[in-house]
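**Q** Contents of data21.cif (mmCIF, C-alpha atoms; chains and numbers go by the auth columns) are given next:
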```
data_upload
loop_
_atom_site.group_PDB
_atom_site.id
_atom_site.type_symbol
_atom_site.label_atom_id
_atom_site.label_comp_id
_atom_site.label_asym_id
_atom_site.label_seq_id
_atom_site.Cartn_x
_atom_site.Cartn_y
_atom_site.Cartn_z
_atom_site.B_iso_or_equiv
_atom_site.auth_seq_id
_atom_site.auth_asym_id
ATOM 1 C CA MET A 1 -14.748 7.796 2.679 0.00 157 A
ATOM 2 C CA LYS A 2 -11.165 7.355 3.847 0.00 158 A
ATOM 3 C CA LEU A 3 -10.242 5.054 6.716 0.00 159 A
ATOM 4 C CA VAL A 4 -6.822 5.122 8.390 0.00 160 A
ATOM 5 C CA LEU A 5 -5.965 2.128 10.577 0.00 161 A
ATOM 6 C CA PHE A 6 -2.821 2.629 12.623 0.00 162 A
ATOM 7 C CA ARG A 7 -0.949 0.860 15.366 0.00 163 A
ATOM 8 C CA TYR A 8 -1.471 2.194 18.858 0.00 164 A
ATOM 9 C CA GLU A 9 1.363 1.804 21.340 0.00 165 A
ATOM 10 C CA PRO A 10 0.389 1.960 25.054 0.00 166 A
ATOM 11 C CA ASP A 11 3.547 3.890 25.921 0.00 167 A
ATOM 12 C CA ASP A 12 3.058 6.477 23.185 0.00 168 A
ATOM 13 C CA PRO A 13 3.735 9.949 24.672 0.00 169 A
ATOM 14 C CA ASP A 14 0.567 11.225 22.978 0.00 170 A
ATOM 15 C CA ASP A 15 -1.642 8.326 23.995 0.00 171 A
ATOM 16 C CA THR A 16 -4.187 10.672 25.597 0.00 172 A
ATOM 17 C CA VAL A 17 -5.324 11.846 22.160 0.00 173 A
ATOM 18 C CA TYR A 18 -6.183 8.344 20.965 0.00 174 A
ATOM 19 C CA ASP A 19 -9.649 6.907 21.392 0.00 175 A
ATOM 20 C CA ILE A 20 -9.093 3.205 22.024 0.00 176 A
ATOM 21 C CA ASN A 21 -12.792 2.536 21.536 0.00 177 A
ATOM 22 C CA ALA A 22 -12.944 4.068 18.047 0.00 178 A
ATOM 23 C CA ALA A 23 -12.776 0.624 16.428 0.00 179 A
ATOM 24 C CA LYS A 24 -15.788 -0.446 18.475 0.00 180 A
ATOM 25 C CA ASP A 25 -17.991 2.490 17.450 0.00 181 A
ATOM 26 C CA PRO A 26 -21.230 1.187 15.850 0.00 182 A
ATOM 27 C CA LYS A 27 -21.307 4.320 13.661 0.00 183 A
ATOM 28 C CA LEU A 28 -18.073 3.218 11.980 0.00 184 A
ATOM 29 C CA PHE A 29 -19.666 -0.077 10.997 0.00 185 A
ATOM 30 C CA ARG A 30 -22.828 1.663 9.760 0.00 186 A
ATOM 31 C CA LEU A 31 -20.697 3.934 7.564 0.00 187 A
ATOM 32 C CA LEU A 32 -18.780 0.990 6.155 0.00 188 A
ATOM 33 C CA ARG A 33 -22.022 -0.839 5.387 0.00 189 A
ATOM 34 C CA GLY A 34 -23.496 2.233 3.716 0.00 190 A
ATOM 35 C CA GLU A 35 -26.329 2.501 6.252 0.00 191 A
ATOM 36 C CA ASP A 36 -25.425 6.083 7.258 0.00 192 A
ATOM 37 C CA PRO A 37 -24.798 8.882 4.745 0.00 193 A
ATOM 38 C CA VAL A 38 -21.132 9.349 3.908 0.00 194 A
ATOM 39 C CA ASP A 39 -19.160 11.329 1.336 0.00 195 A
ATOM 40 C CA ASP A 40 -15.670 11.097 -0.137 0.00 196 A
ATOM 41 C CA ALA A 41 -14.395 13.867 2.153 0.00 197 A
ATOM 42 C CA THR A 42 -15.090 11.835 5.305 0.00 198 A
ATOM 43 C CA GLU A 43 -11.868 10.647 7.003 0.00 199 A
ATOM 44 C CA ILE A 44 -11.829 8.362 10.041 0.00 200 A
ATOM 45 C CA ASN A 45 -8.661 7.521 11.989 0.00 201 A
ATOM 46 C CA VAL A 46 -8.825 4.361 14.079 0.00 202 A
ATOM 47 C CA PRO A 47 -6.087 3.067 16.445 0.00 203 A
ATOM 48 C CA PHE A 48 -6.702 -0.514 15.424 0.00 204 A
ATOM 49 C CA PHE A 49 -3.530 -2.590 15.611 0.00 205 A
ATOM 50 C CA SER A 50 -3.098 -2.590 19.366 0.00 206 A
ATOM 51 C CA TYR A 51 -3.162 -4.717 22.479 0.00 207 A
ATOM 52 C CA PHE A 52 -6.756 -3.668 23.070 0.00 208 A
ATOM 53 C CA ILE A 53 -8.345 -5.216 19.966 0.00 209 A
ATOM 54 C CA THR A 54 -9.995 -8.598 20.478 0.00 210 A
ATOM 55 C CA ASP A 55 -9.917 -11.296 17.818 0.00 211 A
ATOM 56 C CA LYS A 56 -13.654 -10.901 17.275 0.00 212 A
ATOM 57 C CA LEU A 57 -13.386 -7.155 16.704 0.00 213 A
ATOM 58 C CA PHE A 58 -10.406 -7.767 14.432 0.00 214 A
ATOM 59 C CA GLN A 59 -12.524 -10.139 12.323 0.00 215 A
ATOM 60 C CA ASP A 60 -15.659 -7.982 12.409 0.00 216 A
ATOM 61 C CA LEU A 61 -13.908 -4.858 11.182 0.00 217 A
ATOM 62 C CA GLY A 62 -11.991 -6.880 8.617 0.00 218 A
ATOM 63 C CA LYS A 63 -15.203 -8.327 7.196 0.00 219 A
ATOM 64 C CA ALA A 64 -16.843 -4.896 7.177 0.00 220 A
ATOM 65 C CA ILE A 65 -13.950 -3.506 5.132 0.00 221 A
ATOM 66 C CA ALA A 66 -13.976 -6.503 2.790 0.00 222 A
ATOM 67 C CA ASN A 67 -17.650 -5.974 1.954 0.00 223 A
ATOM 68 C CA SER A 68 -17.906 -2.188 2.238 0.00 224 A
ATOM 69 C CA PRO A 69 -19.668 -0.431 -0.681 0.00 225 A
ATOM 70 C CA THR A 70 -18.648 3.035 0.579 0.00 226 A
ATOM 71 C CA LEU A 71 -14.958 2.763 1.466 0.00 227 A
ATOM 72 C CA LYS A 72 -12.852 4.383 -1.258 0.00 228 A
ATOM 73 C CA ARG A 73 -9.533 5.046 0.489 0.00 229 A
ATOM 74 C CA LEU A 74 -7.743 2.843 2.988 0.00 230 A
ATOM 75 C CA GLU A 75 -4.448 3.481 4.736 0.00 231 A
ATOM 76 C CA VAL A 76 -2.869 0.765 6.879 0.00 232 A
ATOM 77 C CA VAL A 77 -0.026 1.975 9.098 0.00 233 A
ATOM 78 C CA GLY A 78 2.217 -0.427 10.968 0.00 234 A
ATOM 79 C CA SER A 79 5.004 0.386 13.403 0.00 235 A
ATOM 80 C CA GLU A 80 8.752 0.076 13.786 0.00 236 A
ATOM 81 C CA VAL A 81 8.385 -0.780 17.464 0.00 237 A
ATOM 82 C CA GLU A 82 9.681 -4.294 18.178 0.00 238 A
ATOM 83 C CA GLU A 83 7.094 -6.723 19.455 0.00 239 A
ATOM 84 C CA HIS A 84 6.663 -10.466 19.427 0.00 240 A
ATOM 85 C CA PHE A 85 4.202 -11.495 16.761 0.00 241 A
ATOM 86 C CA SER A 86 5.048 -14.748 14.951 0.00 242 A
ATOM 87 C CA ILE A 87 7.799 -15.065 12.339 0.00 243 A
ATOM 88 C CA TYR A 88 7.367 -11.600 10.823 0.00 244 A
ATOM 89 C CA GLY A 89 7.724 -9.731 14.105 0.00 245 A
ATOM 90 C CA GLN A 90 5.730 -6.569 14.561 0.00 246 A
ATOM 91 C CA PHE A 91 4.243 -6.773 11.058 0.00 247 A
ATOM 92 C CA GLU A 92 2.294 -10.016 11.470 0.00 248 A
ATOM 93 C CA TYR A 93 -0.838 -8.417 12.926 0.00 249 A
ATOM 94 C CA GLU A 94 -1.129 -6.028 9.971 0.00 250 A
ATOM 95 C CA LEU A 95 -0.370 -8.799 7.470 0.00 251 A
ATOM 96 C CA ARG A 96 -3.155 -10.946 8.894 0.00 252 A
ATOM 97 C CA PHE A 97 -5.545 -8.076 8.284 0.00 253 A
ATOM 98 C CA LEU A 98 -4.669 -7.877 4.591 0.00 254 A
ATOM 99 C CA LYS A 99 -6.633 -11.064 3.874 0.00 255 A
ATOM 100 C CA TYR A 100 -9.771 -8.970 4.405 0.00 256 A
ATOM 101 C CA VAL A 101 -8.499 -6.153 2.185 0.00 257 A
ATOM 102 C CA ASN A 102 -7.786 -8.797 -0.458 0.00 258 A
ATOM 103 C CA ARG A 103 -11.551 -9.475 -0.708 0.00 259 A
ATOM 104 C CA ASN A 104 -12.535 -5.840 -1.268 0.00 260 A
ATOM 105 C CA ARG A 105 -13.543 -4.745 -4.797 0.00 261 A
ATOM 106 C CA THR A 106 -14.573 -1.102 -4.214 0.00 262 A
ATOM 107 C CA LEU A 107 -11.381 0.516 -2.877 0.00 263 A
ATOM 108 C CA GLN A 108 -9.941 3.123 -5.205 0.00 264 A
ATOM 109 C CA HIS A 109 -6.802 4.003 -3.239 0.00 265 A
ATOM 110 C CA LEU A 110 -4.711 1.772 -0.966 0.00 266 A
ATOM 111 C CA LEU A 111 -1.682 2.959 0.992 0.00 267 A
ATOM 112 C CA LEU A 112 0.483 0.682 3.154 0.00 268 A
ATOM 113 C CA ARG A 113 3.124 2.102 5.486 0.00 269 A
ATOM 114 C CA ASP A 114 5.658 0.315 7.703 0.00 270 A
ATOM 115 C CA ILE A 115 4.571 -3.152 6.574 0.00 271 A
ATOM 116 C CA HIS A 116 6.488 -6.231 5.354 0.00 272 A
ATOM 117 C CA GLY A 117 6.572 -5.483 1.608 0.00 273 A
ATOM 118 C CA ASP A 118 7.092 -8.923 0.052 0.00 274 A
ATOM 119 C CA GLU A 119 4.434 -10.579 2.186 0.00 275 A
ATOM 120 C CA ALA A 120 1.949 -7.735 1.793 0.00 276 A
ATOM 121 C CA ILE A 121 1.958 -7.843 -1.997 0.00 277 A
ATOM 122 C CA GLN A 122 1.639 -11.620 -2.024 0.00 278 A
ATOM 123 C CA ARG A 123 -1.362 -11.451 0.302 0.00 279 A
ATOM 124 C CA LEU A 124 -3.022 -8.778 -1.862 0.00 280 A
ATOM 125 C CA ASN A 125 -2.599 -10.693 -5.108 0.00 281 A
ATOM 126 C CA ILE A 126 -6.299 -11.183 -5.867 0.00 282 A
ATOM 127 C CA PHE A 127 -7.154 -7.627 -4.810 0.00 283 A
ATOM 128 C CA LEU A 128 -4.570 -6.199 -7.208 0.00 284 A
ATOM 129 C CA ARG A 129 -5.742 -8.445 -10.046 0.00 285 A
ATOM 130 C CA GLU A 130 -9.511 -8.237 -9.703 0.00 286 A
ATOM 131 C CA ASN A 131 -10.368 -4.853 -8.172 0.00 287 A
ATOM 132 C CA ASP A 132 -11.201 -2.883 -11.314 0.00 288 A
ATOM 133 C CA ASN A 133 -11.968 0.213 -9.219 0.00 289 A
ATOM 134 C CA LEU A 134 -8.420 0.490 -7.865 0.00 290 A
ATOM 135 C CA GLN A 135 -6.692 3.643 -9.102 0.00 291 A
ATOM 136 C CA SER A 136 -3.593 3.894 -6.930 0.00 292 A
ATOM 137 C CA PHE A 137 -1.388 1.576 -4.904 0.00 293 A
ATOM 138 C CA GLU A 138 1.217 3.140 -2.630 0.00 294 A
ATOM 139 C CA MET A 139 3.718 1.597 -0.241 0.00 295 A
ATOM 140 C CA PHE A 140 6.041 3.609 1.990 0.00 296 A
ATOM 141 C CA GLU A 141 8.825 2.704 4.409 0.00 297 A
ATOM 142 C CA SER A 142 8.327 -0.957 3.655 0.00 298 A
ATOM 143 C CA PHE A 143 10.373 -3.564 5.464 0.00 299 A
ATOM 144 C CA SER A 144 11.774 -6.387 3.296 0.00 300 A
ATOM 145 C CA PHE A 145 10.884 -5.011 -0.128 0.00 301 A
ATOM 146 C CA ASP A 146 12.899 -6.804 -2.814 0.00 302 A
ATOM 147 C CA THR A 147 12.749 -8.389 -6.268 0.00 303 A
ATOM 148 C CA ILE A 148 10.260 -10.959 -4.928 0.00 304 A
ATOM 149 C CA ALA A 149 7.780 -8.156 -4.230 0.00 305 A
ATOM 150 C CA ILE A 150 8.335 -6.634 -7.675 0.00 306 A
ATOM 151 C CA THR A 151 7.800 -10.026 -9.338 0.00 307 A
ATOM 152 C CA HIS A 152 4.517 -10.660 -7.515 0.00 308 A
ATOM 153 C CA PHE A 153 3.385 -7.100 -8.205 0.00 309 A
ATOM 154 C CA LYS A 154 4.083 -7.450 -11.942 0.00 310 A
ATOM 155 C CA CYS A 155 2.238 -10.767 -12.110 0.00 311 A
ATOM 156 C CA ALA A 156 -0.822 -9.267 -10.432 0.00 312 A
ATOM 157 C CA LEU A 157 -0.883 -6.154 -12.626 0.00 313 A
ATOM 158 C CA SER A 158 -0.490 -8.190 -15.818 0.00 314 A
ATOM 159 C CA CYS A 159 -3.897 -9.769 -15.123 0.00 315 A
ATOM 160 C CA ARG A 160 -5.732 -6.455 -14.731 0.00 316 A
ATOM 161 C CA LYS A 161 -8.311 -5.176 -17.205 0.00 317 A
ATOM 162 C CA PHE A 162 -7.450 -1.539 -16.521 0.00 318 A
ATOM 163 C CA PRO A 163 -4.173 0.203 -15.571 0.00 319 A
ATOM 164 C CA LEU A 164 -3.603 1.925 -12.254 0.00 320 A
ATOM 165 C CA LYS A 165 -3.268 5.691 -12.426 0.00 321 A
ATOM 166 C CA ARG A 166 -0.531 5.845 -9.796 0.00 322 A
ATOM 167 C CA ILE A 167 2.025 3.477 -8.285 0.00 323 A
ATOM 168 C CA ALA A 168 4.349 4.563 -5.478 0.00 324 A
ATOM 169 C CA PHE A 169 7.143 2.731 -3.681 0.00 325 A
ATOM 170 C CA GLY A 170 8.625 5.393 -1.414 0.00 326 A
ATOM 171 C CA MET A 171 11.511 4.727 0.962 0.00 327 A
ATOM 172 C CA CYS A 172 11.438 1.055 -0.111 0.00 328 A
ATOM 173 C CA ARG A 173 15.122 0.899 -1.095 0.00 329 A
ATOM 174 C CA ILE A 174 14.434 0.459 -4.829 0.00 330 A
ATOM 175 C CA ARG A 175 17.751 -0.456 -6.498 0.00 331 A
ATOM 176 C CA ASN A 176 19.069 -0.319 -10.069 0.00 332 A
ATOM 177 C CA ASP A 177 18.539 -4.056 -10.622 0.00 333 A
ATOM 178 C CA MET A 178 14.904 -3.720 -9.555 0.00 334 A
ATOM 179 C CA ILE A 179 14.397 -0.973 -12.145 0.00 335 A
ATOM 180 C CA ASN A 180 15.020 -3.597 -14.832 0.00 336 A
ATOM 181 C CA ASP A 181 12.033 -5.586 -13.559 0.00 337 A
ATOM 182 C CA ILE A 182 9.804 -2.502 -13.464 0.00 338 A
ATOM 183 C CA VAL A 183 10.790 -1.416 -16.976 0.00 339 A
ATOM 184 C CA SER A 184 10.273 -4.910 -18.377 0.00 340 A
ATOM 185 C CA PHE A 185 6.660 -4.733 -17.226 0.00 341 A
ATOM 186 C CA PHE A 186 6.122 -1.362 -18.923 0.00 342 A
ATOM 187 C CA THR A 187 7.548 -2.591 -22.206 0.00 343 A
ATOM 188 C CA THR A 188 5.683 -5.917 -22.122 0.00 344 A
ATOM 189 C CA TYR A 189 2.328 -4.420 -21.075 0.00 345 A
ATOM 190 C CA PRO A 190 2.405 -0.779 -22.260 0.00 346 A
ATOM 191 C CA ILE A 191 -1.393 -0.532 -22.062 0.00 347 A
ATOM 192 C CA LEU A 192 -1.200 -1.254 -18.299 0.00 348 A
ATOM 193 C CA THR A 193 1.442 1.373 -17.559 0.00 349 A
ATOM 194 C CA PRO A 194 0.298 3.885 -14.904 0.00 350 A
ATOM 195 C CA GLN A 195 0.179 7.615 -15.565 0.00 351 A
ATOM 196 C CA SER A 196 2.392 8.305 -12.519 0.00 352 A
ATOM 197 C CA ILE A 197 5.048 6.312 -10.693 0.00 353 A
ATOM 198 C CA SER A 198 6.923 7.436 -7.598 0.00 354 A
ATOM 199 C CA LEU A 199 10.223 5.840 -6.489 0.00 355 A
ATOM 200 C CA VAL A 200 11.390 8.480 -4.020 0.00 356 A
ATOM 201 C CA GLU A 201 14.100 7.926 -1.405 0.00 357 A
ATOM 202 C CA GLY A 202 15.436 4.742 -2.950 0.00 358 A
ATOM 203 C CA GLN A 203 18.858 3.554 -4.092 0.00 359 A
ATOM 204 C CA ILE A 204 18.509 4.332 -7.794 0.00 360 A
ATOM 205 C CA GLY A 205 21.728 5.485 -9.429 0.00 361 A
ATOM 206 C CA ASP A 206 22.782 6.601 -12.893 0.00 362 A
ATOM 207 C CA GLU A 207 22.347 3.075 -14.282 0.00 363 A
ATOM 208 C CA GLY A 208 18.719 3.013 -13.176 0.00 364 A
ATOM 209 C CA CYS A 209 18.130 6.436 -14.705 0.00 365 A
ATOM 210 C CA SER A 210 19.525 5.229 -18.016 0.00 366 A
ATOM 211 C CA ILE A 211 17.080 2.318 -18.029 0.00 367 A
ATOM 212 C CA LEU A 212 14.148 4.561 -17.097 0.00 368 A
ATOM 213 C CA SER A 213 15.009 7.016 -19.861 0.00 369 A
ATOM 214 C CA GLU A 214 14.207 4.307 -22.409 0.00 370 A
ATOM 215 C CA VAL A 215 10.687 4.102 -21.033 0.00 371 A
ATOM 216 C CA ILE A 216 10.198 7.865 -21.077 0.00 372 A
ATOM 217 C CA ARG A 217 11.180 8.026 -24.749 0.00 373 A
ATOM 218 C CA ASN A 218 8.919 5.091 -25.713 0.00 374 A
ATOM 219 C CA SER A 219 5.861 6.622 -27.408 0.00 375 A
ATOM 220 C CA SER A 220 3.752 3.490 -26.793 0.00 376 A
ATOM 221 C CA ILE A 221 4.079 3.861 -23.010 0.00 377 A
ATOM 222 C CA ASN A 222 1.649 6.292 -21.363 0.00 378 A
ATOM 223 C CA LEU A 223 3.851 7.376 -18.446 0.00 379 A
ATOM 224 C CA GLU A 224 3.188 11.050 -17.716 0.00 380 A
ATOM 225 C CA GLU A 225 5.049 11.524 -14.430 0.00 381 A
ATOM 226 C CA ILE A 226 7.942 9.883 -12.618 0.00 382 A
ATOM 227 C CA GLU A 227 9.249 10.947 -9.196 0.00 383 A
ATOM 228 C CA LEU A 228 12.852 10.137 -8.284 0.00 384 A
ATOM 229 C CA LEU A 229 13.575 12.562 -5.448 0.00 385 A
ATOM 230 C CA ARG A 230 16.294 11.706 -2.925 0.00 386 A
ATOM 231 C CA ASN A 231 17.872 8.778 -4.746 0.00 387 A
ATOM 232 C CA GLU A 232 21.558 8.213 -5.528 0.00 388 A
ATOM 233 C CA MET A 233 21.870 9.464 -9.099 0.00 389 A
ATOM 234 C CA THR A 234 24.352 12.161 -10.139 0.00 390 A
ATOM 235 C CA SER A 235 23.989 14.881 -12.742 0.00 391 A
ATOM 236 C CA THR A 236 24.742 12.211 -15.355 0.00 392 A
ATOM 237 C CA GLY A 237 21.597 10.334 -14.349 0.00 393 A
ATOM 238 C CA PHE A 238 19.484 13.474 -14.447 0.00 394 A
ATOM 239 C CA ARG A 239 20.747 14.227 -17.950 0.00 395 A
ATOM 240 C CA CYS A 240 19.678 10.726 -19.068 0.00 396 A
ATOM 241 C CA ILE A 241 16.144 11.352 -17.841 0.00 397 A
ATOM 242 C CA ALA A 242 15.948 14.860 -19.282 0.00 398 A
ATOM 243 C CA ALA A 243 17.433 14.018 -22.675 0.00 399 A
#
```
Go ahead and express the file in the form of structure tokens.

**A**
Amino acid sequence: MKLVLFRYEPDDPDDTVYDINAAKDPKLFRLLRGEDPVDDATEINVPFFSYFITDKLFQDLGKAIANSPTLKRLEVVGSEVEEHFSIYGQFEYELRFLKYVNRNRTLQHLLLRDIHGDEAIQRLNIFLRENDNLQSFEMFESFSFDTIAITHFKCALSCRKFPLKRIAFGMCRIRNDMINDIVSFFTTYPILTPQSISLVEGQIGDEGCSILSEVIRNSSINLEEIELLRNEMTSTGFRCIAA
């Protein structure tokens, strides 16, 4: 089962298509608890991060996700709309919710979009370390994603028993100096290297490509696929990767 939680804005031009009561549907909770039959193809979209969600519902759904035996895929989508939530602005509501995701041990795929990157990875530290079922971790369009996030991510992965199959940091402004941190993890823990890594729409130049080429040529590292679309490398960088 896949669950997509996204922010609902009252002034959204398409607000008529959103069911504000979806998060209150008892069937959703029965599916999460495994009381109703569900398969991997089931996808439920819930406008959850909104003005209409009470604290109790926020906690109830969070606990249901934390303890769900059936939830395999979770996507948490924030918003770029400016609001007034605590120190981290519009991202605080979503970040608060991650404490429940951090308790889950059955999720196989987690995708975060439009969320404060550094804080999100710190709050998911135990989840990343101890969820042996996790196969992919993806983060897109992250606000405030820097070397701090990479450091916390490396520390969490180094404690895992099994490698992830896929890691993606898309549109997170990955720079050349951050590539050094990523490569150092691969070389230090080759057995925990994912099969696929995506760094699309970042700020990786020829220097970053040169560093990554060392990983690709390292026979002890099991990296089968790397995505670098829409970065800042020239033909020189591409030649480094292809060599």

**Q** Considering only C-alpha atoms, return as a list in words whatever protein or nucleic-acid residues lie within 6 Å of stretch 259-269 of chain A, sequence-local ones (same chain, fewer than 4 positions apart) excluded.

**A**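 In the requested form, the answer reads Ala222, Lys228, Arg229, Leu230, Glu231, Val232, Val233, Asn287, Asn289, Leu290, Gln291, Ser292, Phe293, Glu294, Met295, Phe296 and Glu297 of chain A.
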
**Q** Which residues are near A:Arg386? Cut-off 9 Å, all atoms listed in the file, ignore same chain within fewer than 4 positions. Put them as a PyMOL selection string.

**A** chain A and resi 356-359

**Q** Between atom CA of A:Phe185 and atom CA of A:Gly234, what is the distance, to one decimal in Å?

**A**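 A separation of 21.9 Å between them.
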
**Q** For the file shown, report as a list of chain:residue names the outcome of the PyMOL selection byres ((chain A and resi 285) around 6) at residue level.

**A**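 With the shown file as input, the PyMOL selection byres ((chain A and resi 285) around 6) matches A:Ile282, A:Phe283, A:Leu284, A:Glu286, A:Ala312, A:Leu313, A:Cys315, A:Arg316.
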
**Q** Convert the output of the PyMOL selection byres ((chain A and resi 202) around 12) on the shown file into explicit residues, formatted as number ranges by chain.

**A** A: 158-164, 173-181, 184, 199-201, 203-206, 209, 217, 230-233

**Q** Translate the PyMOL selection byres ((chain A and resi 332-334) around 9) into a concrete residue list for this structure, as a list in words.

**A** Asp302, Thr303, Ile306, Ile330, Arg331, Ile335, Asn336, Asp337, Ile338, Val339, Gln359, Ile360, Gly361, Asp362, Glu363, Gly364, Cys365 and Ile367 of chain A

**Q** Which value, in Å to one decimal, gives the distance between atom CA of A:Ser369 and atom CA of A:Ile382?

**A**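 Computed distance, atom CA of A:Ser369 to atom CA of A:Ile382, equals 10.5 Å.
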
**Q** State, in Å with one decimal place, the distance from atom CA of A:Ser300 to atom CA of A:Leu355.

**A**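 Here the two named atoms are 15.7 Å from each other.
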
**Q** May I have the residues within 8 Å of A:Lys321 as a ChimeraX atom specification, using all atoms listed in the file and disregarding those fewer than 2 positions away in the same chain?

**A** /A:291-292,319,323,350-352
